[in-house]
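Trainee: Sharing a structure below in structure tokens format, with a few things to ask.
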Amino acid sequence: MPRLFIVATPIGNLSDISARALQTLRDCDLIARALLNHFEIDTPCVSNHQHNEENRAAPIVARMLEEDLDVALVTDAGTPCISDPGSFLAKEAAAAGIEVLAVPGPTAMASALSVSGFDT
């Protein structure tokens with residue numbers, strides 16, 4: 001059964017990427033979007049961005065089901081589906097019965113709060 005991994009990537013310092021995120025990107029069959037040259041990941045990629053995501057979601061999901069593909073969804077920096085593209089693909093995958101999994105990463109919000117001086 002195919003799976004869709006929503007993979008958070010670092011904002012700022014690429015060294016903040018998690019080992020789990022790197023392993024997921026290496027192990028999956030296809031990556032929707034790319035920020036991969038820095039980490040020498042050669043998994044095939046397909047574009048999925050704010051200007052095409054509504055039209056790309058259904059074909060990506062169809063391909064996942066036809067070829068039993070695991071797909072990782074990443075953006076240039078941050079967590080897909082939050083303030084970046086990805087929600088159309090995640091919704092389409094879930095509607096097709098594909099398991100959608102989160103691969104968490106560092107969050108800018110937690111980092112900002114930790115150095116703000118606020119009593120959180």
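Chain lettering (A, B, ...) mirrors the order of the structure tokens, residue numbering begins at 1 for each chain separately, and ligand numbering begins at 1 in order of display.
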As a list of chain:residue names, please: all residues of region 36-75 of chain A that backbone DSSP puts in alpha helix (DSSP H).
Mentor: A:Glu53, A:Glu54, A:Asn55, A:Arg56, A:Ala57, A:Ala58, A:Pro59, A:Ile60, A:Val61, A:Ala62, A:Arg63, A:Met64, A:Leu65, A:Glu66, A:Glu67
Trainee: Can you tell me which residues surround Glu92 (chain A) at a distance of at most 12 Å, considering only C-alpha atoms, apart from same-chain residues fewer than 3 positions away, and format the answer as an MDAnalysis selection string?
Mentor: chainID A and resid 4 53:62 64:65 86:89 95:100
Trainee: Just to confirm, what's the straight-line distance from CA of Ile17 (chain A) to CA of Leu36 (chain A) in Å (one decimal)?
Mentor: 11.5 Å
Trainee: Which parts of chain A does DSSP call strand (DSSP E or B) when run on the backbone here, written out as a list of chain:residue names?
Mentor: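 Residues meeting the strand (DSSP E or B) criterion: A:Arg3, A:Leu4, A:Phe5, A:Ile6, A:Val7, A:Thr9, A:Leu30, A:Ile31, A:Ala32, A:Cys45, A:Val46, A:Val71, A:Ala72, A:Leu73, A:Gly78, A:Pro80, A:Asp84, A:Glu99, A:Val100, A:Leu101, A:Ala102, A:Val103.
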Trainee: Counting only C-alpha atoms, which residue out of A:Ala90, A:Ala77, A:Glu67, A:Phe39 sits closest to Ala108 (chain A)?
Mentor: A:Ala77
Trainee: I'd like the contact shell of region 20-27 of chain A - 9 Å cut-off, only C-alpha atoms, skipping same-chain residues fewer than 3 positions apart - returned as a ChimeraX atom specification.
Mentor: /A:5,7-9,17,30-31,36,39,41-43,70-74,103-105
Trainee: Write out, as a PDB file, in the first residue's frame, the residues just selected, with C-alpha atoms.
Mentor:
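part-v5.pdb written:
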ATOM      1  CA  PHE A   5       5.139  11.294   3.867  1.00  0.00           C
ATOM      2  CA  VAL A   7       8.437  15.847   5.415  1.00  0.00           C
ATOM      3  CA  ALA A   8       9.393  18.984   7.329  1.00  0.00           C
ATOM      4  CA  THR A   9      12.639  20.617   6.232  1.00  0.00           C
ATOM      5  CA  ILE A  17      17.287  18.454   9.018  1.00  0.00           C
ATOM      6  CA  LEU A  30       9.275   9.662  -5.576  1.00  0.00           C
ATOM      7  CA  ILE A  31       9.620  13.122  -4.100  1.00  0.00           C
ATOM      8  CA  LEU A  36      17.950  17.665  -2.392  1.00  0.00           C
ATOM      9  CA  PHE A  39      22.129  16.151   0.745  1.00  0.00           C
ATOM     10  CA  ILE A  41      19.669  12.540  -2.650  1.00  0.00           C
ATOM     11  CA  ASP A  42      18.936  11.270  -6.139  1.00  0.00           C
ATOM     12  CA  THR A  43      15.366  10.046  -5.680  1.00  0.00           C
ATOM     13  CA  ASP A  70       5.803   5.845  -1.420  1.00  0.00           C
ATOM     14  CA  VAL A  71       6.032   9.601  -1.982  1.00  0.00           C
ATOM     15  CA  ALA A  72       7.712  12.246   0.158  1.00  0.00           C
ATOM     16  CA  LEU A  73       6.280  15.757  -0.012  1.00  0.00           C
ATOM     17  CA  VAL A  74       8.769  18.501   0.819  1.00  0.00           C
ATOM     18  CA  VAL A 103       7.984  13.348   9.372  1.00  0.00           C
ATOM     19  CA  PRO A 104       8.474  16.233  11.815  1.00  0.00           C
ATOM     20  CA  GLY A 105      11.365  18.615  11.869  1.00  0.00           C
TER      21      GLY A 105
END
